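What follows is a set of notes on a single structure, which appears directly below.
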Amino acid sequence: MVVFIALLASALRLATPLIFSALGGVFTERSGITNIALEGMMIMGAFFAILVTEFTNMPWLGVLAAMVAGILTSMILAVLSIHLKGNQVVVGTAINLFATSITAFLLELVWKRSGQTDSVERALTTNPFHFLENIPLIGKLFSGMTPFVYLAFVAVAVSYYVLYKTPFGLRIRAVGEHPRAADTVGINVYKIRYICVGISGMMAGISGASMSLGTISLFREGMTSGKGFIALAAMIFGKWHPVGAMFASLFFGFCEALQIQASTLGFDFVPSEFLQMLPYVATIIVLSGFIGRAVAPKAVGTAYEKGHR
Amino acid sequence: GCASKPEPAAEPAPAAEPAAAEPAAEPAAEPAAEPAAEPKSELVMGMITDTGGLGDQSFNDSAWLGLEEAEKQFGIKRQVLESQSADDYSPNLVSFAEEKTDIIYGVGFLFVEAMKAAADQFPDQKFAIVDSSGLEKPNVAEIVFAENEGSFLVGVIAGLKTETNKIGFIGGMKFPLIEKFEYGFRAGVKAVNPDAEVIVNYADSFDDAAKGKEIALVQHQAGADIIFHAAGGVGAGLIEAAKEEKFWAIGVDQDQSHMAPENVLCSMIKRVDVGVLSVAKSVVDGNFQGGTLLFDSKNNGVGYSDKAGNLTDDLKAAADKYLEAIKAGTFVVPATEAEFNAFEAPSL
Amino acid sequence: MQNKKKNLLQVVMDNLKFPLLAILFSFIVGALFIVWTGHSPLVAYRELFSGSLGNFGRFGESLLKTTPLIFTGVAFAFAFRCGLFNIGIEGQYIMGAIFTVGAGWIFRDLPGGLLIILLLLSGILGGALWAFIPGILKAKRGVHEVIVAIMLNYTALYLSNYIVRTVLNPSVLLGTEKKASTVMLPEHGRLLHLSKIMPAFGYSSVNIGFLIAVITAIVIWFVLFKTTLGYEVRSVGHNPYASEYGGISIAKNITLAMVISGAIAGLAGAVTVAGLSYKVDQAAGMPGYGFSGIAVALVGQNHPIGILASALLFGVLANGERKMQMAGIPKEVVGIIQAIIILFIAAEQVAKYLPDIKKKFFKNKTQEVQK
Amino acid sequence: MAKVVEMKNITKIFPGVVANDNVNFELEKGEIHVLLGENGAGKTTLMNILYGLYEQTSGEIFVNGQLVNIKDPNIAIKLGIGMVHQHFMLVEPFTVTENIILGAETSKGPHNIQLDMETASKKVKEISELYGLAVDPNAKIENITVGMQQRVEILKTLYRGAEILILDEPTAVLTPQEIEELGMILKKLVGQGKSIILITHKLKEVMAMSDRVTVVRRGKVIETLKKENTNIDELAELMVGRKVNLKVDKADHKAGKTVLEVHGIEAMNNRGSKALKEISFGVKSGEIFAIAGVDGNGQTELVEVLTGLRKSVKGTFSINGKELQKVSSKKIIDSGMAHIPEDRHKRGLVLEHSLAENGCLGNHKDKPFSKNGILNYDYIHEYSQNLIEEYDVRTPSENVAAKSLSGGNQQKFIVARELNRHPELIIAAQPTRGVDVGAIEFIHKKLVEQRDMGRAVLLVSLELDEVLALADRIGVIYDGQIVGIVDGATANEKELGIMMAGGKVNK
Ligand SMILES: Nc1ncnc2c1ncn2[C@@H]1O[C@H](COP(=O)(O)OP(=O)(O)OP(=O)(O)O)[C@@H](O)[C@H]1O
Ligand SMILES: Nc1ncnc2c1ncn2[C@@H]1O[C@H](COP(=O)(O)OP(=O)(O)OP(=O)(O)O)[C@@H](O)[C@H]1O
Ligand SMILES: [Mg+2]
Ligand SMILES: [Mg+2]
């Protein structure tokens, strides 16, 4: 039981950045844009969260900065792929490279060394609801739970509400399925897409902040270690649905937690490399339709040209 | 520990003593013997990192620190190349060699094959490699450390200090160098507290600090109250976790207590900087020689440190007791799984 | 005939105009970053170019850097011509490399020439197998190749690490101590250094792998534009429905294009192992060739011959970057330059928009619709 | 009568095409005004301008007497203009209600942020009852019929309070009954004071539904007439620009042996429901066999099955006795089949390839186009040059990309390529869709020529006139079944119309 709770707690924490980014992915892809740049936006978020916290000593301002950094980065994707109709995957690839380079560059400039920043004095690594840890049995679940963990689930709920319960969400989904239909009823396809890409930037920014400010209270080069791509997979795994994306993220988190706990759970006879492969192989199997086919929004990946048929 | 003259360690005994001697404990604090008297040398020393790059919180940083010290002491010029991938090792070596750099350091045992080839190709070029031995080239100085010995000492401390009888170890990647830390550490624990359990995890990364933290939290939840790491940047996560959950972390390579003075119990010390500096000195002095330079407890190349003062005198005394025994050769600290399994704790 | 030649020149110019602009622009932006670090861009760029082109040896090293980029660029372009985005070159490269080492061990007793051929074929096989998975899944089940390939990249990395640690470890095969890398390729299975033929290359370890890369690019050019296979691949890439109508199997060509793309990526791994590293290390992260390959292919307009040129550009940048680093300029600057080149190329439409914007400006008339 | 819409001197220039040339158009309150013209005449373009999807190059628009600048559909909607597009603009996974309210959502809750689906559903129901447009508000678009979808489109405009309705070729996808129902709906709408613009190129519909007609030809308005003052022949002449002879000259046919034999074919459509049910017929050499029917009754699927592009689930078919239902399309081509596809952009051409490369599509693996997998470009170029010459394809050379040709010339090139295979069987699906009259006559002539040379021709067409003009025998397809086969010479439109609607003809 204790082990199980620990496993669950671990999975929750590991899933948190994935949930944010995957939600961001849901918004962009629902509006018809492929977002391979989540990783880059996360890196930007992670870095600027620490940068601003370092200088202001106000971690929540850091989170805000992460959001802004994420949004600004996402605007590169927006402008290039929505207006200039660049290949969305290529733009995403470039953004990832750019984010990696620019953060490393600024890190050296600001901290006069490479690799890793100092720890910020005040971060957001502690549980804001300490009393929860006193609940018998499951209290342990809440220890080490950062504000971001709670926030992630709030974000899932809000995303679900926005996408499925508001006029705006209806429009997003229409734009992703059939942009021309949306256009003919007076919906501004470009505007919706800009907003959605912006939302994804914001989400990925928070995701990055949850890793830097929320986990290790510093920024390290390479700290996102491909989580943006995993988030992308989680989004597809979750069938482009916020709740599905959440469960997929939890699954990935769970796989990683399982790998970490392998020795405590007594199945460390499985080479750790194979445990590491598990989520990736699982995703491929799921995508192959052995468990149920996922259908992407129809217009995803294609630029919309006004007045074109 | 106090500075004692290091013994020339390796088989093909280098004529030059490792110059590490004096500043073994705090090289930065003690000014070099006669910095002003030394004429500004024109020497250029190049260092190539492994893929971890600068900022790895581990041997790359430490080696760079050694060259910084050389710059201060001997007025040499230092240059660095960071390798993006394993395929860069050889071209990076060649690049420096082509510039007629006075000595080229390859930091990390992964350089070994590239270094071997480069040493043959440029027989007049001086090279040094960190963490690897056995090349036996006249123009390659091989700087190696007895990580198992240093790890053993902090293992002793952890074994005595633990209240839960559970201790954690986090490795970067599961390869022999890191296993040397692991088995040395476990042997130390076993020597003083055979009942204590050591929970071992590998992060499969030297960067993913978040994973480091998660592993630490898991180990802590499983009962570990002291966790040692040999995982470079991943360790930042461990120390963060220790800070939050108020348990003890043990640092590695350098004294890491500054990251969390109240939660870093002590650090296992591996003086890559000293190794690098001593080879630099031999170049400056003109008595560079190839062959293995072993930095172990005898010459204070490895050890433990406690700048934050978290160790009680009892603990220090116990650790020092084992340190002396290792120095005296009373027993040999295991470095591999097989040696560990065969290891009988000495009764001191 | 006269006419045709002029056309060719025009085509070349049209295709070059844009990448050149992109490169120029990104160097200017790069310069701003260099100034920001307090260095002189002139010094930096001088270091960059002298470091990569300064003498024959350095040039050789640039060619060495260029070699895998040619392979991965061509690999990417081949799939792209079939409408596929092979982001999995990374993983296919890893598999190619590990297969090569494996074959090097198994066939270690074969004579040199034969062994080398087997090594290259093994690399090809490794990459092709790994690319077959996203290919067949795309062809038969319509699964997006990008996601599958990303997943397979990580899988390849961990699988390779496992193999390095166990199956191909010297401790297992030779009974010596455990190492973080595989056994070494036997001496007679290594690619000849060009300096052996052309001593001018001196110390440079550029090897016949470079020639293999160039030949591969030319062969792929021939396949793409002169054979029925290439015709079918390009047709499927442009219009799968029309291809199907013309009796071309979409599924077969998608799978095949992916497999060939992976085979080239695997060959890149083989050539790197046989020509440079002679082993594979346990690695914490991707080697990064896949992403560079995308950039190289895009700048080269997905044309094998263009890719030769752009790979050389990226090779020169990567090699020259060393000298910039030695001069104390952060290596990230080169990363930024590369990112901007790609961004610029990705937004190719900017150029197409310019005349439109002009038109709008002057005539203030209707919005133009592009076909 | 009050003029609700006045379009004055509208010109719209696309790169290389003058789609509308100084067009004047008026719509009066309470009328049904037909915009009549051939494919590509510029009807849709004109209406897209009125609806704000395109911006005119020059000219002015007045709505209810006010000069307006309709920059985007929002403004059009505010002005009370609604448009039902030629290709429906419906989001398939959405429900009827969701589609109707999209862009004009009702909301509730604090700050009105929440969608109010109940109110919306209620309103949709009210409107649909008011105008007699029965739909299920909760059904998903992908699960309802095309006729239903059209009602949803009309409801969409009414929901937004449209007073002026534009319907772009609304009858193309409807059965005769549905067309009749539509006519009644339109009458009802007009009765409630709405004004309607109806685009079509079907003359009979004009006479049945309109109050006035404006004829457009090649982007220019030719004339505006009152229905009472005109007749079908006059309209046809105005539309095409000369006396039209819908009869194609052809000799009596001498049918030979059966080339294509279709027996009990069944197949699914893309949605997984049965599109073809027990289809059986044969096409003999030296005859044109036409499949007539309303769009969406299985024609596309039938052609795809016969050309190897879709797998049948049951039944067999053969060319000259060779069974082909399980083989690849390449094998079918090799068995002597040529195929003029219904969608030239989707199937017929690789638009980015040069004409030369398109000219060998389907033959590229055969000698002398290629040998041992290597293409013989010299021959490929020569071959395409011949095609271009022989079929009078207007193009600078065979080196240009196929996309740079006009639709008619693209179609001619496809016909050239297919007929030049010297096939035994020609499957021509909508061979004249969207091409100008000249090209139509040319293509018709070629098809008859092939018949006279003793080849079997399977013509699939939505245009009854084309079927009647060309066919020796006619099979009528309805709901995936061949409901009857009649003789081309004696068939009449009325009889076919009843069969196309699924009715029985007693002889
Ligand atoms: N978006 C566009 N870009 C360029 N040219 C266009 C565009 N839309 C239409 N055209 C051209 O404008 C002309 C008029 O086309 P339009 O679609 O208005 O014809 P139409 O009368 O509606 O024909 P149909 O009966 O086929 O619907 C055609 O020649 C067409 O090629
Ligand atoms: N963007 C465009 N640029 C140039 N010509 C176009 C464009 N879009 C359509 N056309 C041409 O305009 C004409 C009418 O176009 P439309 O989209 O109505 O297709 P169509 O072939 O008439 O099909 P349908 O029978 O369904 O109306 C066609 O000849 C087509 O080739
Ligand atoms: Mg049309
Ligand atoms: Mg039209």
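Identifiers in the structure tokens: chain A, B, ... in order shown; residue index from 1 per chain; ligand index from 1 in order shown.
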Practice item. Identify, counting only C-alpha atoms and all ligand atoms, the protein, DNA and RNA residues located within 12 Å of ligand 4, and give them as a ChimeraX atom specification. Key: /A:309 /D:19,35-48,84-87,166-170,172,198-201,216,219,433-434
Would you kindly report the residues of chain D within 6 Å of chain C, using only C-alpha atoms, as a PDB file with N, CA, C and O atoms, in the first residue's frame?
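Saved as result-v7.pdb:
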ATOM      1  N   GLU D  55     -12.977  39.649 -52.414  1.00  0.00           N
ATOM      2  CA  GLU D  55     -13.170  41.077 -52.543  1.00  0.00           C
ATOM      3  C   GLU D  55     -13.128  41.407 -54.024  1.00  0.00           C
ATOM      4  O   GLU D  55     -12.249  40.922 -54.740  1.00  0.00           O
ATOM      5  N   THR D  57     -12.402  43.225 -57.493  1.00  0.00           N
ATOM      6  CA  THR D  57     -11.303  44.059 -57.959  1.00  0.00           C
ATOM      7  C   THR D  57     -11.809  45.494 -58.144  1.00  0.00           C
ATOM      8  O   THR D  57     -11.127  46.455 -57.814  1.00  0.00           O
ATOM      9  N   SER D 329      -4.690  -2.094 -59.633  1.00  0.00           N
ATOM     10  CA  SER D 329      -5.144  -1.265 -60.743  1.00  0.00           C
ATOM     11  C   SER D 329      -4.168  -1.342 -61.919  1.00  0.00           C
ATOM     12  O   SER D 329      -4.570  -1.232 -63.072  1.00  0.00           O
ATOM     13  N   LYS D 330      -2.905  -1.558 -61.600  1.00  0.00           N
ATOM     14  CA  LYS D 330      -1.927  -1.688 -62.691  1.00  0.00           C
ATOM     15  C   LYS D 330      -2.288  -2.889 -63.584  1.00  0.00           C
ATOM     16  O   LYS D 330      -2.247  -2.808 -64.810  1.00  0.00           O
ATOM     17  N   LYS D 346      -7.773  15.382 -58.440  1.00  0.00           N
ATOM     18  CA  LYS D 346      -7.484  14.410 -57.404  1.00  0.00           C
ATOM     19  C   LYS D 346      -6.825  13.167 -57.998  1.00  0.00           C
ATOM     20  O   LYS D 346      -5.840  12.666 -57.484  1.00  0.00           O
ATOM     21  N   ARG D 347      -7.406  12.686 -59.103  1.00  0.00           N
ATOM     22  CA  ARG D 347      -6.937  11.408 -59.633  1.00  0.00           C
ATOM     23  C   ARG D 347      -6.148  11.524 -60.932  1.00  0.00           C
ATOM     24  O   ARG D 347      -5.253  10.746 -61.196  1.00  0.00           O
ATOM     25  N   GLY D 348      -6.555  12.465 -61.756  1.00  0.00           N
ATOM     26  CA  GLY D 348      -6.090  12.408 -63.136  1.00  0.00           C
ATOM     27  C   GLY D 348      -4.659  12.840 -63.354  1.00  0.00           C
ATOM     28  O   GLY D 348      -3.990  12.351 -64.259  1.00  0.00           O
ATOM     29  N   LEU D 349      -4.196  13.748 -62.532  1.00  0.00           N
ATOM     30  CA  LEU D 349      -2.890  14.337 -62.792  1.00  0.00           C
ATOM     31  C   LEU D 349      -2.098  14.477 -61.502  1.00  0.00           C
ATOM     32  O   LEU D 349      -2.675  14.679 -60.440  1.00  0.00           O
ATOM     33  N   VAL D 350      -0.795  14.353 -61.627  1.00  0.00           N
ATOM     34  CA  VAL D 350       0.071  14.792 -60.545  1.00  0.00           C
ATOM     35  C   VAL D 350       0.427  16.223 -60.909  1.00  0.00           C
ATOM     36  O   VAL D 350       1.267  16.467 -61.764  1.00  0.00           O
ATOM     37  N   LEU D 361       2.039   8.375 -66.911  1.00  0.00           N
ATOM     38  CA  LEU D 361       1.438   7.833 -65.690  1.00  0.00           C
ATOM     39  C   LEU D 361       0.606   6.598 -66.027  1.00  0.00           C
ATOM     40  O   LEU D 361      -0.281   6.635 -66.865  1.00  0.00           O
ATOM     41  N   GLY D 362       0.920   5.503 -65.382  1.00  0.00           N
ATOM     42  CA  GLY D 362       0.200   4.265 -65.653  1.00  0.00           C
ATOM     43  C   GLY D 362       0.942   3.372 -66.638  1.00  0.00           C
ATOM     44  O   GLY D 362       0.773   2.166 -66.639  1.00  0.00           O
ATOM     45  N   GLY D 373      13.685  -0.578 -65.008  1.00  0.00           N
ATOM     46  CA  GLY D 373      13.492   0.380 -63.926  1.00  0.00           C
ATOM     47  C   GLY D 373      14.063   1.758 -64.191  1.00  0.00           C
ATOM     48  O   GLY D 373      13.996   2.634 -63.336  1.00  0.00           O
ATOM     49  N   ILE D 374      14.651   1.943 -65.369  1.00  0.00           N
ATOM     50  CA  ILE D 374      15.211   3.261 -65.666  1.00  0.00           C
ATOM     51  C   ILE D 374      14.365   3.933 -66.745  1.00  0.00           C
ATOM     52  O   ILE D 374      14.071   3.340 -67.785  1.00  0.00           O
ATOM     53  N   LEU D 375      13.954   5.157 -66.445  1.00  0.00           N
ATOM     54  CA  LEU D 375      13.043   5.852 -67.352  1.00  0.00           C
ATOM     55  C   LEU D 375      13.765   6.304 -68.609  1.00  0.00           C
ATOM     56  O   LEU D 375      14.922   6.724 -68.570  1.00  0.00           O
TER      57      LEU D 375
END
Exercise for review: Could you pull out the residues in segment 67-287 of chain D that DSSP calls strand (DSSP E) from the backbone, as a PyMOL selection string?
Suggested key: chain D and resi 67-68+81-84+107-108+114-115+164-168+195-200+212-217+220-226+258-268+274-284
Keeping only C-alpha atoms, write the selected residues to a file as an mmCIF file, in the first residue's frame.
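Okay, out05.cif is ready:
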data_model
loop_
_atom_site.group_PDB
_atom_site.id
_atom_site.type_symbol
_atom_site.label_atom_id
_atom_site.label_comp_id
_atom_site.auth_asym_id
_atom_site.auth_seq_id
_atom_site.Cartn_x
_atom_site.Cartn_y
_atom_site.Cartn_z
ATOM 1 C CA LEU D 67 -23.558 51.248 -50.418
ATOM 2 C CA VAL D 68 -21.736 48.522 -48.506
ATOM 3 C CA ILE D 81 -27.188 37.665 -46.447
ATOM 4 C CA GLY D 82 -26.864 33.907 -46.127
ATOM 5 C CA MET D 83 -25.169 31.504 -48.501
ATOM 6 C CA VAL D 84 -25.452 27.791 -49.079
ATOM 7 C CA SER D 107 -24.471 31.536 -24.362
ATOM 8 C CA LYS D 108 -25.350 31.714 -20.723
ATOM 9 C CA GLN D 114 -20.955 28.958 -21.468
ATOM 10 C CA LEU D 115 -22.571 27.495 -24.543
ATOM 11 C CA ILE D 164 -31.331 37.208 -48.706
ATOM 12 C CA LEU D 165 -30.414 33.604 -49.490
ATOM 13 C CA ILE D 166 -27.839 32.495 -52.001
ATOM 14 C CA LEU D 167 -27.944 28.855 -53.029
ATOM 15 C CA ASP D 168 -25.020 27.693 -55.165
ATOM 16 C CA SER D 195 -35.304 36.921 -51.474
ATOM 17 C CA ILE D 196 -33.378 34.139 -53.102
ATOM 18 C CA ILE D 197 -30.529 33.842 -55.570
ATOM 19 C CA LEU D 198 -30.267 30.411 -57.080
ATOM 20 C CA ILE D 199 -27.243 29.306 -59.082
ATOM 21 C CA THR D 200 -27.632 26.553 -61.599
ATOM 22 C CA ARG D 212 -36.210 35.993 -63.222
ATOM 23 C CA VAL D 213 -33.011 34.727 -64.787
ATOM 24 C CA THR D 214 -29.650 36.399 -65.294
ATOM 25 C CA VAL D 215 -27.469 34.619 -67.791
ATOM 26 C CA VAL D 216 -23.723 34.799 -67.313
ATOM 27 C CA ARG D 217 -21.175 33.773 -69.898
ATOM 28 C CA LYS D 220 -20.100 38.773 -68.437
ATOM 29 C CA VAL D 221 -23.802 39.254 -67.906
ATOM 30 C CA ILE D 222 -25.548 38.490 -71.165
ATOM 31 C CA GLU D 223 -29.073 39.311 -70.219
ATOM 32 C CA THR D 224 -31.634 39.371 -67.446
ATOM 33 C CA LEU D 225 -35.008 37.949 -68.362
ATOM 34 C CA LYS D 226 -38.359 37.298 -66.784
ATOM 35 C CA THR D 258 -19.006 -8.406 -74.347
ATOM 36 C CA VAL D 259 -15.803 -6.811 -73.136
ATOM 37 C CA LEU D 260 -16.673 -5.802 -69.603
ATOM 38 C CA GLU D 261 -18.760 -8.242 -67.633
ATOM 39 C CA VAL D 262 -19.892 -7.173 -64.171
ATOM 40 C CA HIS D 263 -21.587 -9.695 -61.967
ATOM 41 C CA GLY D 264 -23.084 -9.154 -58.548
ATOM 42 C CA ILE D 265 -20.604 -6.562 -57.374
ATOM 43 C CA GLU D 266 -21.002 -5.209 -53.862
ATOM 44 C CA ALA D 267 -18.793 -2.605 -52.188
ATOM 45 C CA MET D 268 -18.666 -0.270 -49.225
ATOM 46 C CA LYS D 274 -22.959 -0.478 -48.486
ATOM 47 C CA ALA D 275 -22.652 1.667 -51.601
ATOM 48 C CA LEU D 276 -23.092 -1.009 -54.280
ATOM 49 C CA LYS D 277 -25.629 -3.819 -54.095
ATOM 50 C CA GLU D 278 -25.524 -6.697 -56.518
ATOM 51 C CA ILE D 279 -24.518 -4.675 -59.549
ATOM 52 C CA SER D 280 -24.548 -6.618 -62.789
ATOM 53 C CA PHE D 281 -24.241 -5.446 -66.372
ATOM 54 C CA GLY D 282 -22.102 -5.884 -69.451
ATOM 55 C CA VAL D 283 -20.506 -3.550 -71.947
ATOM 56 C CA LYS D 284 -19.962 -4.766 -75.490
#
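Residue nearest chain B, chosen from C:Trp221, C:Phe56, C:Phe80, C:Phe71 and counting only C-alpha atoms: C:Phe56.
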Check your understanding: Neighbours of Leu80 of chain A within 9 Å (only C-alpha atoms; same-chain residues fewer than 6 positions away dropped), as number ranges by chain?
Key -> A: 86-88, 91; C: 343-344, 346-347, 349-350
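The smallest atom-to-atom distance between chain A and any of C:Gly306, C:Gly113, C:Gly262, C:Gly30, using only C-alpha atoms, is found for C:Gly30.
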For Glu187 of chain C, list every protein, DNA or RNA residue within 9 Å, evaluated using only C-alpha atoms, and leave out those in the same chain fewer than 2 positions away; present the list as a PDB file with C-alpha atoms, in the first residue's frame.
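Output (result-v5.pdb):
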ATOM      1  CA  GLY C 112      39.108  -6.510 -45.181  1.00  0.00           C
ATOM      2  CA  MET C 184      36.194  -2.197 -31.193  1.00  0.00           C
ATOM      3  CA  LEU C 185      35.858  -2.835 -34.875  1.00  0.00           C
ATOM      4  CA  GLY C 189      37.209  -3.407 -41.003  1.00  0.00           C
ATOM      5  CA  ARG C 190      37.916   0.292 -40.822  1.00  0.00           C
ATOM      6  CA  TYR C 278      35.066   2.154 -34.404  1.00  0.00           C
TER       7      TYR C 278
END
Between chain C and chain A, at 7 Å or less, what are the per-residue closest atom pairs and their distances in Å? Count only C-alpha atoms, order by chain and rising residue number, and return it as a Markdown table.
| residue | atom | partner | partner_atom | distance |
| --- | --- | --- | --- | --- |
| C:Leu137 | CA | A:Ser288 | CA | 6.5 |
| C:Arg141 | CA | A:Ser288 | CA | 6.5 |
| C:Val143 | CA | A:Ser288 | CA | 6.3 |
| C:Ile147 | CA | A:Ala233 | CA | 6.4 |
| C:Val148 | CA | A:Ile284 | CA | 5.8 |
| C:Met151 | CA | A:Tyr280 | CA | 4.9 |
| C:Thr155 | CA | A:Met277 | CA | 5.2 |
| C:Tyr158 | CA | A:Glu273 | CA | 5.2 |
| C:Leu159 | CA | A:Glu273 | CA | 6.6 |
| C:Tyr162 | CA | A:Glu273 | CA | 6.0 |
| C:Pro330 | CA | A:Phe105 | CA | 6.9 |
| C:Glu332 | CA | A:Ser101 | CA | 4.9 |
| C:Gly335 | CA | A:Ser101 | CA | 5.5 |
| C:Ile336 | CA | A:Phe98 | CA | 5.5 |
| C:Ala339 | CA | A:Ala94 | CA | 4.9 |
| C:Ile342 | CA | A:Ala94 | CA | 5.8 |
| C:Leu343 | CA | A:Val91 | CA | 5.7 |
| C:Ala346 | CA | A:Gly86 | CA | 4.9 |
| C:Ala347 | CA | A:Gly86 | CA | 4.4 |
| C:Glu348 | CA | A:Gly86 | CA | 6.5 |
| C:Gln349 | CA | A:Leu84 | CA | 5.3 |
| C:Val350 | CA | A:Leu84 | CA | 6.0 |
| C:Val369 | CA | A:Gly307 | CA | 6.4 |
Point to revise | Interface residues on chain D facing chain A, 7 Å, only C-alpha atoms, written as a ChimeraX atom specification | key: /D:53-54,72-74,89-91,102-103,105,113-115
Determine, for each residue of chain A having at least one atom at most 6 Å from an atom of chain B, the closest pair of atoms and their separation in Å to one decimal, counting only C-alpha atoms; order by chain and ascending number, as CSV.
residue,atom,partner,partner_atom,distance
A:Ser114,CA,B:Gly55,CA,4.9
A:Gly115,CA,B:Gly55,CA,3.6
A:Gln116,CA,B:Gly55,CA,5.8
A:Ile216,CA,B:Gly237,CA,5.4
A:Met223,CA,B:Asp208,CA,5.0
Spatial neighbours of Arg46 of chain C, 10 Å, only C-alpha atoms, chain gap at least 6 places, as a compact mmCIF listing (two decimals) with N, CA and C atoms, in the first residue's frame:
# COMPACT_ATOMS: atom_id res chain seq x y z
N SER C 40 34.06 40.38 -31.34
CA SER C 40 33.88 40.97 -32.66
C SER C 40 33.38 39.90 -33.62
N SER C 52 37.72 26.14 -40.60
CA SER C 52 37.16 25.04 -41.38
C SER C 52 37.73 24.96 -42.78
N GLY C 54 40.81 26.84 -43.54
CA GLY C 54 42.13 27.47 -43.50
C GLY C 54 43.24 26.70 -44.19
N GLY C 320 34.05 24.78 -38.09
CA GLY C 320 34.57 26.10 -37.75
C GLY C 320 34.18 26.53 -36.35
N LYS C 323 36.84 26.37 -33.71
CA LYS C 323 37.80 27.47 -33.59
C LYS C 323 37.16 28.68 -32.93
N MET C 324 35.86 28.85 -33.20
CA MET C 324 35.17 29.93 -32.52
C MET C 324 35.15 29.68 -31.01
**Study point:** Pairwise distance for atom 19 (O, counted along the ligand's line) of ligand 2 and atom CA of Gln430 of chain D, rounded to one decimal in Å
**Key:** 12.4 Å
**Study point:** Polymer residues at most 6 Å from Ile124 of chain C, only C-alpha atoms, same-chain spacing of 2 or more positions, as a ChimeraX atom specification
**Key:** /C:121-122,126-128,263,266-267
Prev. selection, all heavy atoms, output as a short mmCIF file (atom, residue, chain, number, x, y, z; two decimals), in the first residue's frame:
data_model
loop_
_atom_site.label_atom_id
_atom_site.label_comp_id
_atom_site.auth_asym_id
_atom_site.auth_seq_id
_atom_site.Cartn_x
_atom_site.Cartn_y
_atom_site.Cartn_z
N LEU C 121 26.57 -2.92 -45.27
CA LEU C 121 25.26 -3.54 -45.48
C LEU C 121 24.52 -3.72 -44.15
O LEU C 121 23.30 -3.54 -44.08
CB LEU C 121 25.42 -4.89 -46.19
CG LEU C 121 25.80 -4.80 -47.67
CD1 LEU C 121 25.97 -6.19 -48.27
CD2 LEU C 121 24.73 -4.01 -48.45
N SER C 122 25.26 -4.06 -43.11
CA SER C 122 24.61 -4.23 -41.82
C SER C 122 24.03 -2.92 -41.32
O SER C 122 22.92 -2.88 -40.78
CB SER C 122 25.61 -4.74 -40.78
OG SER C 122 26.29 -5.84 -41.28
N GLY C 126 20.21 -2.24 -40.44
CA GLY C 126 19.74 -1.73 -39.14
C GLY C 126 18.82 -0.54 -39.31
O GLY C 126 17.73 -0.48 -38.75
N GLY C 127 19.27 0.42 -40.11
CA GLY C 127 18.46 1.62 -40.33
C GLY C 127 17.16 1.29 -41.05
O GLY C 127 16.10 1.80 -40.70
N ALA C 128 17.27 0.41 -42.03
CA ALA C 128 16.08 0.07 -42.82
C ALA C 128 15.04 -0.62 -41.96
O ALA C 128 13.85 -0.31 -42.04
CB ALA C 128 16.48 -0.82 -43.99
N ALA C 263 17.54 3.27 -44.55
CA ALA C 263 18.76 2.58 -44.97
C ALA C 263 19.91 3.58 -45.11
O ALA C 263 21.03 3.31 -44.67
CB ALA C 263 18.53 1.87 -46.30
N GLY C 266 20.95 4.57 -41.72
CA GLY C 266 21.73 3.50 -41.13
C GLY C 266 23.14 3.45 -41.69
O GLY C 266 24.12 3.21 -40.98
N LEU C 267 23.22 3.75 -42.99
CA LEU C 267 24.54 3.79 -43.63
C LEU C 267 25.39 4.89 -43.00
O LEU C 267 26.61 4.74 -42.83
CB LEU C 267 24.36 4.02 -45.14
CG LEU C 267 25.61 4.00 -46.00
CD1 LEU C 267 26.38 2.71 -45.84
CD2 LEU C 267 25.26 4.22 -47.47
#
